[in-house]
file my_file.txt (compact mmCIF, C-alpha atoms)
# COMPACT_ATOMS: atom_id res chain seq x y z
CA MET K 1452 5.09 26.52 -7.84
CA GLY K 1453 4.83 25.36 -4.22
CA CYS K 1454 1.56 23.38 -4.51
CA ASP K 1455 2.25 19.69 -5.24
CA MET K 1456 -1.44 18.93 -5.87
CA CYS K 1457 -2.13 21.86 -8.22
CA ASN K 1458 -1.89 20.29 -11.65
CA TYR K 1459 -4.83 22.16 -13.25
CA ILE K 1460 -6.15 25.69 -12.83
CA SER K 1461 -9.50 27.23 -13.73
CA TYR K 1462 -10.11 30.93 -13.10
CA SER K 1463 -12.62 33.66 -13.93
CA GLN K 1464 -12.07 37.37 -13.47
CA GLU K 1465 -15.77 38.06 -13.91
CA TRP K 1466 -16.84 35.55 -11.26
CA LYS K 1467 -13.80 36.26 -9.07
CA ASP K 1468 -13.06 32.54 -8.86
CA CYS K 1469 -9.78 30.64 -8.97
CA SER K 1470 -9.79 26.85 -8.48
CA TRP K 1471 -6.96 24.34 -8.46
CA TYR K 1472 -7.18 20.59 -9.10
CA PHE K 1473 -4.96 17.53 -8.86
CA ILE K 1474 -6.90 15.43 -11.41
CA CYS K 1475 -8.99 16.51 -14.39
CA ASP K 1476 -10.91 13.81 -16.24
CA GLN K 1477 -11.61 16.03 -19.25
CA LEU K 1478 -10.22 19.52 -19.85
CA HIS K 1479 -12.91 21.99 -21.01
CA VAL K 1480 -11.44 25.14 -22.56
CA ASP K 1481 -14.64 26.60 -24.04
CA VAL K 1482 -16.58 27.51 -20.86
CA PRO K 1483 -17.70 31.18 -21.06
CA HIS K 1484 -15.86 33.62 -18.77
CA PHE K 1485 -13.42 30.92 -17.56
CA GLN K 1486 -9.83 30.15 -18.49
CA THR K 1487 -8.82 26.55 -17.82
CA LEU K 1488 -5.40 25.08 -18.41
CA LYS K 1489 -3.04 22.28 -17.46
CA LEU K 1490 0.22 23.27 -15.84
CA LYS K 1491 3.32 22.19 -17.73
CA ASN K 1492 4.83 20.40 -14.75
CA ALA K 1493 1.78 18.27 -13.96
CA PRO K 1494 2.99 14.71 -13.21
CA PRO K 1495 1.08 11.76 -14.66
CA PHE K 1496 -1.37 10.01 -12.34
CA ARG K 1497 -1.57 6.25 -12.84
CA LEU K 1498 -3.50 3.90 -10.61
CA LEU K 1499 -3.34 0.11 -10.42
CA VAL K 1500 -6.20 -1.57 -8.55
CA THR K 1501 -5.21 -5.04 -7.36
CA MET K 1502 -7.95 -7.39 -6.18
CA SER K 1503 -6.99 -10.66 -4.53
CA GLY K 1504 -8.64 -13.73 -3.07
CA GLN K 1505 -11.78 -15.45 -4.27
CA ILE K 1506 -14.03 -13.96 -6.94
CA ARG K 1507 -17.00 -13.13 -4.74
CA GLY K 1508 -19.48 -10.37 -4.02
CA GLY K 1509 -21.58 -10.86 -7.14
CA LYS K 1510 -22.37 -8.77 -10.22
CA ALA K 1511 -23.63 -5.79 -8.22
CA ALA K 1512 -20.25 -5.38 -6.51
CA TRP K 1513 -18.22 -5.99 -9.67
CA ASN K 1514 -20.26 -3.60 -11.82
CA SER K 1515 -20.10 -0.89 -9.16
CA ALA K 1516 -16.31 -1.22 -8.92
CA ILE K 1517 -15.91 -0.69 -12.64
CA ARG K 1518 -18.57 2.03 -12.89
CA ASN K 1519 -17.78 4.10 -9.78
CA PHE K 1520 -14.13 3.38 -9.07
CA ILE K 1521 -11.97 1.88 -11.80
CA THR K 1522 -13.35 3.83 -14.78
CA PRO K 1523 -13.48 7.32 -13.14
CA ASN K 1524 -9.83 6.93 -12.07
CA LYS K 1525 -8.79 5.50 -15.46
CA ALA K 1526 -7.20 2.69 -13.48
CA ASP K 1527 -5.81 -0.62 -14.62
CA LEU K 1528 -7.09 -3.75 -12.86
CA ALA K 1529 -5.00 -6.69 -11.68
CA LEU K 1530 -6.48 -9.90 -10.25
CA ILE K 1531 -4.49 -12.24 -8.00
CA LEU K 1532 -6.23 -15.61 -7.96
CA HIS K 1533 -5.41 -19.16 -6.99
CA GLU K 1534 -4.78 -21.44 -9.94
CA ALA K 1535 -7.94 -23.37 -9.08
CA GLU K 1536 -10.06 -20.19 -9.26
CA ARG K 1537 -11.43 -20.33 -12.81
CA LYS K 1538 -14.66 -18.45 -12.31
CA GLU K 1539 -15.33 -16.07 -15.19
CA SER K 1540 -16.76 -12.68 -14.35
CA ILE K 1541 -16.89 -9.13 -15.64
CA LEU K 1542 -13.75 -8.53 -13.56
CA THR K 1543 -11.70 -11.20 -15.32
CA LYS K 1544 -12.79 -9.75 -18.66
CA HIS K 1545 -11.93 -6.21 -17.55
CA ALA K 1546 -8.56 -7.05 -15.97
CA THR K 1547 -5.32 -5.81 -17.53
CA TYR K 1548 -3.35 -8.38 -15.53
CA LEU K 1549 -4.37 -11.84 -14.30
CA TRP K 1550 -1.83 -13.38 -11.91
CA ARG K 1551 -2.15 -16.96 -10.71
CA VAL K 1552 -0.83 -18.18 -7.37
CA PRO K 1553 -0.23 -21.94 -6.90
CA ARG K 1554 -2.77 -23.43 -4.53
CA SER K 1555 -0.01 -25.52 -2.99
CA VAL K 1556 1.78 -22.40 -1.78
CA TYR K 1557 0.21 -21.90 1.63
CA TRP K 1558 1.07 -19.14 4.05
CA GLN K 1559 3.48 -21.28 6.09
CA ALA K 1560 5.50 -22.01 2.94
CA HIS K 1561 5.59 -18.32 2.06
CA LEU K 1562 7.15 -17.42 5.40
CA ASP K 1563 9.58 -20.33 5.25
CA GLY K 1564 10.62 -19.32 1.74
CA MET K 1565 11.88 -15.86 2.65
CA ASN K 1566 15.46 -17.05 3.14
CA THR K 1567 14.95 -16.77 6.89
CA SER K 1568 14.87 -19.26 9.72
CA SER K 1569 11.68 -20.87 10.99
CA ASN K 1570 11.81 -18.95 14.26
CA TRP K 1571 8.41 -17.48 13.50
CA ARG K 1572 6.88 -20.88 14.31
CA ARG K 1573 8.15 -20.63 17.89
CA VAL K 1574 6.71 -17.12 18.21
CA VAL K 1575 3.21 -18.12 17.10
CA ALA K 1576 3.19 -21.43 18.94
CA GLY K 1577 0.33 -21.73 21.39
CA LYS K 1578 -1.53 -18.65 20.20
CA HIS K 1579 -4.53 -20.78 19.17
CA LEU K 1580 -5.77 -18.29 16.60
CA SER K 1581 -7.23 -19.68 13.41
CA HIS K 1582 -5.10 -17.49 11.14
CA TRP K 1583 -1.90 -18.86 12.73
CA SER K 1584 -2.97 -22.49 13.09
CA PRO K 1585 -0.34 -24.83 11.57
CA PHE K 1586 -3.12 -27.33 10.98
CA ARG K 1587 -5.20 -25.04 8.77
CA ASN K 1588 -4.58 -23.01 5.66
CA GLY K 1589 -5.39 -19.85 7.58
CA THR K 1590 -8.02 -17.14 7.16
CA THR K 1591 -8.26 -14.64 4.33
CA GLY K 1592 -6.59 -12.12 6.64
CA ILE K 1593 -3.31 -13.99 6.29
CA ILE K 1594 -3.80 -15.81 2.98
CA ARG K 1595 -4.27 -12.60 0.98
CA PRO K 1596 -1.03 -10.97 2.18
CA MET K 1597 0.82 -14.14 1.22
CA MET K 1598 -0.79 -14.06 -2.23
CA HIS K 1599 0.37 -10.43 -2.52
CA MET K 1600 3.93 -11.41 -1.69
CA TYR K 1601 3.95 -14.20 -4.26
CA ALA K 1602 2.47 -11.95 -6.96
CA PHE K 1603 4.90 -9.13 -6.25
CA ARG K 1604 7.94 -11.37 -6.51
CA ASN K 1605 6.76 -13.26 -9.57
CA TYR K 1606 4.76 -10.71 -11.56
CA MET K 1607 4.83 -7.16 -10.20
CA SER K 1608 8.41 -6.17 -9.56
CA ASN K 1609 8.93 -4.83 -13.09
CA ILE K 1610 5.59 -3.03 -13.52
CA SER K 1611 4.89 -1.55 -10.08
CA ILE K 1612 7.00 1.54 -10.80
CA SER K 1613 4.78 2.31 -13.81
CA TYR K 1614 2.01 3.43 -11.43
CA THR K 1615 2.01 6.38 -9.03
CA HIS K 1616 -0.68 4.89 -6.78
CA HIS K 1617 -1.80 1.36 -5.89
CA VAL K 1618 -5.00 0.12 -4.26
CA ILE K 1619 -4.93 -3.36 -2.71
CA THR K 1620 -8.41 -4.74 -2.10
CA ARG K 1621 -10.93 -7.56 -2.65
CA THR K 1622 -13.69 -8.25 -5.15
CA ASP K 1623 -16.67 -7.99 -2.79
CA PHE K 1624 -16.79 -4.23 -2.18
CA TYR K 1625 -19.84 -2.36 -3.41
CA TYR K 1626 -18.99 1.24 -4.42
CA ALA K 1627 -22.11 3.25 -3.63
CA CYS K 1628 -21.01 6.45 -5.39
CA VAL K 1629 -18.26 7.73 -7.66
CA PHE K 1630 -14.96 7.53 -5.85
CA PHE K 1631 -11.86 9.42 -6.98
CA VAL K 1632 -8.70 8.21 -5.29
CA PRO K 1633 -7.29 10.80 -2.86
CA PRO K 1634 -3.76 11.58 -4.06
CA ILE K 1635 -0.80 11.06 -1.76
CA LEU K 1636 1.74 13.85 -2.07
CA PRO K 1637 5.40 13.12 -2.93
CA GLN K 1638 6.53 14.11 0.55
CA GLN K 1639 4.02 11.63 2.02
CA ASN K 1640 5.37 8.55 0.24
CA THR K 1641 5.34 6.48 3.43
CA ARG K 1642 1.64 7.15 3.99
CA VAL K 1643 -1.03 4.46 3.60
CA VAL K 1644 -4.70 5.43 3.35
CA VAL K 1645 -7.55 3.20 4.58
CA PRO K 1646 -11.34 3.73 4.99
CA ASP K 1647 -12.41 5.56 8.15
CA VAL K 1648 -14.27 2.61 9.66
CA GLU K 1649 -13.27 1.02 12.95
CA TYR K 1650 -11.97 -2.52 12.45
CA ASN K 1651 -11.51 -4.34 15.77
CA ASN K 1652 -9.14 -1.68 17.14
CA GLY K 1653 -6.85 -2.14 14.15
CA VAL K 1654 -6.51 -1.31 10.47
CA ASN K 1655 -8.80 -2.43 7.69
CA ASP K 1656 -6.89 -5.14 5.83
CA LYS K 1657 -9.44 -5.27 2.99
CA TRP K 1658 -8.74 -1.91 1.28
CA MET K 1659 -5.46 -0.02 1.25
CA LEU K 1660 -4.05 2.84 -0.85
CA CYS K 1661 -0.25 2.96 -1.27
CA THR K 1662 2.23 4.91 -3.38
CA ARG K 1663 4.93 3.88 -5.81
CA ALA K 1664 7.51 4.38 -3.05
CA SER K 1665 5.64 2.28 -0.45
CA ILE K 1666 4.33 -0.47 -2.71
CA TYR K 1667 7.04 -2.97 -1.76
CA ALA K 1668 6.17 -2.65 1.94
CA CYS K 1669 2.41 -2.80 1.23
CA PHE K 1670 2.71 -6.00 -0.80
CA ASN K 1671 5.25 -7.56 1.56
CA LEU K 1672 3.82 -6.65 4.96
CA TYR K 1673 4.80 -9.93 6.60
CA SER K 1674 8.45 -9.70 5.54
CA ALA K 1675 9.23 -7.69 8.68
CA PHE K 1676 7.73 -10.47 10.79
CA ALA K 1677 9.55 -13.21 8.88
CA GLU K 1678 12.91 -11.48 9.25
CA HIS K 1679 12.61 -10.55 12.93
CA PRO K 1680 9.78 -12.60 14.50
CA GLU K 1681 11.15 -12.03 18.01
CA ARG K 1682 10.13 -8.37 17.73
CA PHE K 1683 6.47 -9.39 17.50
CA GLU K 1684 6.25 -11.59 20.61
CA ASP K 1685 3.71 -9.25 22.24
CA SER K 1686 1.62 -8.47 19.16
CA VAL K 1687 1.37 -11.76 17.30
CA GLY K 1688 -1.63 -12.79 19.40
CA MET K 1689 -3.71 -9.88 18.10
CA ASN K 1690 -6.56 -10.24 15.64
CA VAL K 1691 -5.71 -9.76 11.97
CA GLU K 1692 -6.66 -6.07 11.97
CA GLY K 1693 -4.55 -5.30 15.02
CA PHE K 1694 -1.57 -7.22 13.68
CA THR K 1695 -1.91 -5.47 10.32
CA LYS K 1696 -1.58 -2.13 12.11
CA THR K 1697 1.56 -3.40 13.87
CA LEU K 1698 3.07 -4.61 10.59
CA LEU K 1699 2.43 -1.27 8.89
CA THR K 1700 4.27 0.51 11.68
CA ALA K 1701 7.12 -2.02 11.55
CA ASN K 1702 7.48 -1.25 7.83
CA ASN K 1703 7.77 2.49 8.63
CA LEU K 1704 4.39 3.29 7.07
CA THR K 1705 2.05 5.96 8.45
CA VAL K 1706 -1.69 5.23 8.36
CA SER K 1707 -4.29 7.90 7.60
CA SER K 1708 -8.00 7.54 6.84
CA MET K 1709 -10.48 8.71 4.22
CA SER K 1710 -14.27 8.79 4.03
CA SER K 1711 -15.56 5.37 3.05
CA ARG K 1712 -17.54 5.11 -0.19
CA MET K 1713 -17.83 1.33 -0.29
CA PHE K 1714 -18.87 -1.60 1.86
CA THR K 1715 -18.39 -5.37 1.64
CA ILE K 1716 -21.40 -7.15 0.29
CA GLY K 1717 -22.78 -10.69 0.39
CA ALA K 1718 -25.00 -12.24 -2.23
CA SER K 1719 -26.63 -14.97 -0.14
CA PRO K 1720 -27.51 -15.77 3.49
CA LYS K 1721 -24.59 -18.19 3.80
CA GLU K 1722 -22.20 -15.25 3.30
CA ARG K 1723 -23.58 -13.44 6.34
CA ASN K 1724 -21.87 -13.02 9.68
CA ALA K 1725 -22.88 -11.68 13.08
CA ASN K 1726 -22.44 -8.07 11.92
CA ALA K 1727 -24.35 -8.37 8.64
CA VAL K 1728 -27.46 -6.35 7.85
CA ALA K 1729 -30.02 -6.70 5.08
CA ILE K 1730 -30.06 -3.90 2.50
CA ASN K 1731 -33.76 -3.16 2.55
CA GLN K 1732 -34.04 0.62 2.45
CA PRO K 1733 -36.55 1.79 -0.19
CA LYS K 1734 -34.03 4.07 -1.94
CA SER K 1735 -31.46 1.32 -2.49
CA LYS K 1736 -30.37 0.68 -6.05
CA ASP K 1737 -32.20 -2.27 -7.57
CA GLU K 1738 -28.92 -4.14 -7.98
CA VAL K 1739 -28.27 -4.29 -4.21
CA PHE K 1740 -31.80 -4.44 -2.77
CA GLY K 1741 -32.15 -7.65 -0.79
CA LEU K 1742 -28.42 -8.37 -0.56
CA TYR K 1743 -26.38 -8.22 2.63
CA ALA K 1744 -23.90 -5.65 3.91
CA LYS K 1745 -21.35 -7.70 5.84
CA VAL K 1746 -20.37 -4.99 8.33
CA GLU K 1747 -23.03 -2.57 9.58
CA SER K 1748 -20.59 0.20 10.56
CA GLU K 1749 -19.01 0.05 7.11
CA TYR K 1750 -22.43 0.27 5.48
CA ARG K 1751 -23.58 3.22 7.61
CA GLN K 1752 -20.36 5.18 7.05
CA THR K 1753 -20.65 4.71 3.29
CA LEU K 1754 -24.23 5.98 3.31
CA LYS K 1755 -23.15 9.05 5.27
CA THR K 1756 -20.38 9.79 2.77
CA CYS K 1757 -22.37 9.21 -0.40
CA PHE K 1758 -25.80 10.49 0.69
CA ARG K 1759 -25.19 13.20 3.25
CA SER K 1760 -28.68 14.67 2.81
CA GLU K 1761 -30.44 11.45 3.79
CA ASP K 1762 -31.93 11.03 7.25
CA LEU K 1763 -30.04 7.90 8.21
CA ASP K 1764 -32.04 7.40 11.39
CA ASN K 1765 -35.10 6.60 9.30
CA ILE K 1766 -33.32 3.93 7.26
CA GLU K 1767 -34.37 0.50 8.43
CA MET K 1768 -31.39 -1.82 8.79
CA ARG K 1769 -32.50 -5.21 10.02
CA PRO K 1770 -29.84 -7.45 11.63
CA GLU K 1771 -29.93 -10.98 10.25
call {"tool": "encode", "arguments": {"input": "my_file.txt", "output": "structure tokens"}}
result
Amino acid sequence: MGCDMCNYISYSQEWKDCSWYFICDQLHVDVPHFQTLKLKNAPPFRLLVTMSGQIRGGKAAWNSAIRNFITPNKADLALILHEAERKESILTKHATYLWRVPRSVYWQAHLDGMNTSSNWRRVVAGKHLSHWSPFRNGTTGIIRPMMHMYAFRNYMSNISISYTHHVITRTDFYYACVFFVPPILPQQNTRVVVPDVEYNNGVNDKWMLCTRASIYACFNLYSAFAEHPERFEDSVGMNVEGFTKTLLTANNLTVSSMSSRMFTIGASPKERNANAVAINQPKSKDEVFGLYAKVESEYRQTLKTCFRSEDLDNIEMRPE
């Protein structure tokens, strides 16, 4: 059969209906006037969700991830945390894998440890961006990719092939509605899927869907920079999102977008930034009412995806 996504079929002669599906959570064979079956050549779908960085976002975010994302996709959960991060949460209890990264392994050491020269230091010299500063530990935009590299080399290399799809993300996303992962076809193995929200003229580095074939590149984005830093002379001064887009291209990955069903959330005023908005619409779930959406565009796009019938212009979103 020529349809790579058609793993299940449901048809009815009486209703003149024939539908095809990639994923079926539960196969119902007793629906009147319908015949439903699984095709013999249907490949297994296995998803590993990897969350890295600090345990943050709060119970509302963690519960929504399990309820609306991990459980519907029958996914396994992996957490990549610093050794000093000992905060217990529903995520640590739910995780199939818990991988610790030494706090002493900072991003500079990761790049130096790739069996390459230290030429990258010359390339970033004088850029004066916080994520490249040799006097700081860097921002999450560079720390998380380095944590991914460490985890892949020390924990993941033997298990990554067990999964057909991988999501690399953080713990502070709130999933506003049920979210089934969009499958990437076998012939699109070099494709990476990100939410359709504009991120500083670049690519969202907080949520990324990869395949079994592209997982090495996704978890080792900065390897291309470490091996040939001279190729990035003109792009290394970009913001994290812009540089992420450049790194994806350098690793021969093609970026496509999907409708966002989640937004980053803050539990207290100190977690706000200039783009944050209070979640104060009357129809908000009790668990998120009064919290803060960190990026307004991300929040609005998620509402459009999950609640298309709502009049979004009448939703009060008060900048903080």
call {"tool": "closest_residue", "arguments": {"input": "my_file.txt", "among": "K:Thr1756, K:Asn1671, K:Gln1477, K:Asn1690", "to": "Met1713 in chain K", "atoms": "only C-alpha atoms"}}
result
K:Thr1756
call {"tool": "closest_residue", "arguments": {"input": "my_file.txt", "among": "K:Gly1717, K:Glu1678, K:Lys1489, K:His1617", "to": "Ile1506 in chain K", "atoms": "all atoms listed in the file"}}
result
K:Gly1717
call {"tool": "residues_near_point", "arguments": {"input": "my_file.txt", "point": "(-7.8, -14.8, -14.5)", "cutoff": "8 Å", "atoms": "only C-alpha atoms", "output": "MDAnalysis selection string"}}
result
chainID K and resid 1530:1532 1536:1537 1539 1543 1546 1548:1551
call {"tool": "residues_around", "arguments": {"input": "my_file.txt", "residues": "Arg1682 in chain K", "least_positions_apart": "2", "cutoff": "12 Å", "atoms": "all atoms listed in the file", "output": "PyMOL selection string"}}
result
chain K and resi 1570-1571+1574-1575+1675-1680+1684-1687+1697-1698+1701
call {"tool": "closest_residue", "arguments": {"input": "my_file.txt", "among": "K:Phe1496, K:Trp1658, K:Tyr1601, K:Trp1513", "to": "Asp1623 in chain K", "atoms": "all atoms listed in the file"}}
result
K:Trp1513
call {"tool": "closest_residue", "arguments": {"input": "my_file.txt", "among": "K:Phe1758, K:Phe1683, K:Phe1714, K:Tyr1626", "to": "Ile1517 in chain K", "atoms": "only C-alpha atoms"}}
result
K:Tyr1626
call {"tool": "closest_residue", "arguments": {"input": "my_file.txt", "among": "K:Leu1742, K:Cys1669, K:Cys1628, K:Ala1664", "to": "Ala1511 in chain K", "atoms": "all atoms listed in the file"}}
result
K:Leu1742
call {"tool": "atom_distance", "arguments": {"input": "my_file.txt", "atom1": "CA of Phe1630 in chain K", "atom2": "CA of Ala1526 in chain K"}}
result
11.9 Å
call {"tool": "closest_residue", "arguments": {"input": "my_file.txt", "among": "K:Pro1553, K:Met1659, K:Tyr1667, K:Leu1499", "to": "Val1644 in chain K", "atoms": "all atoms listed in the file"}}
result
K:Met1659
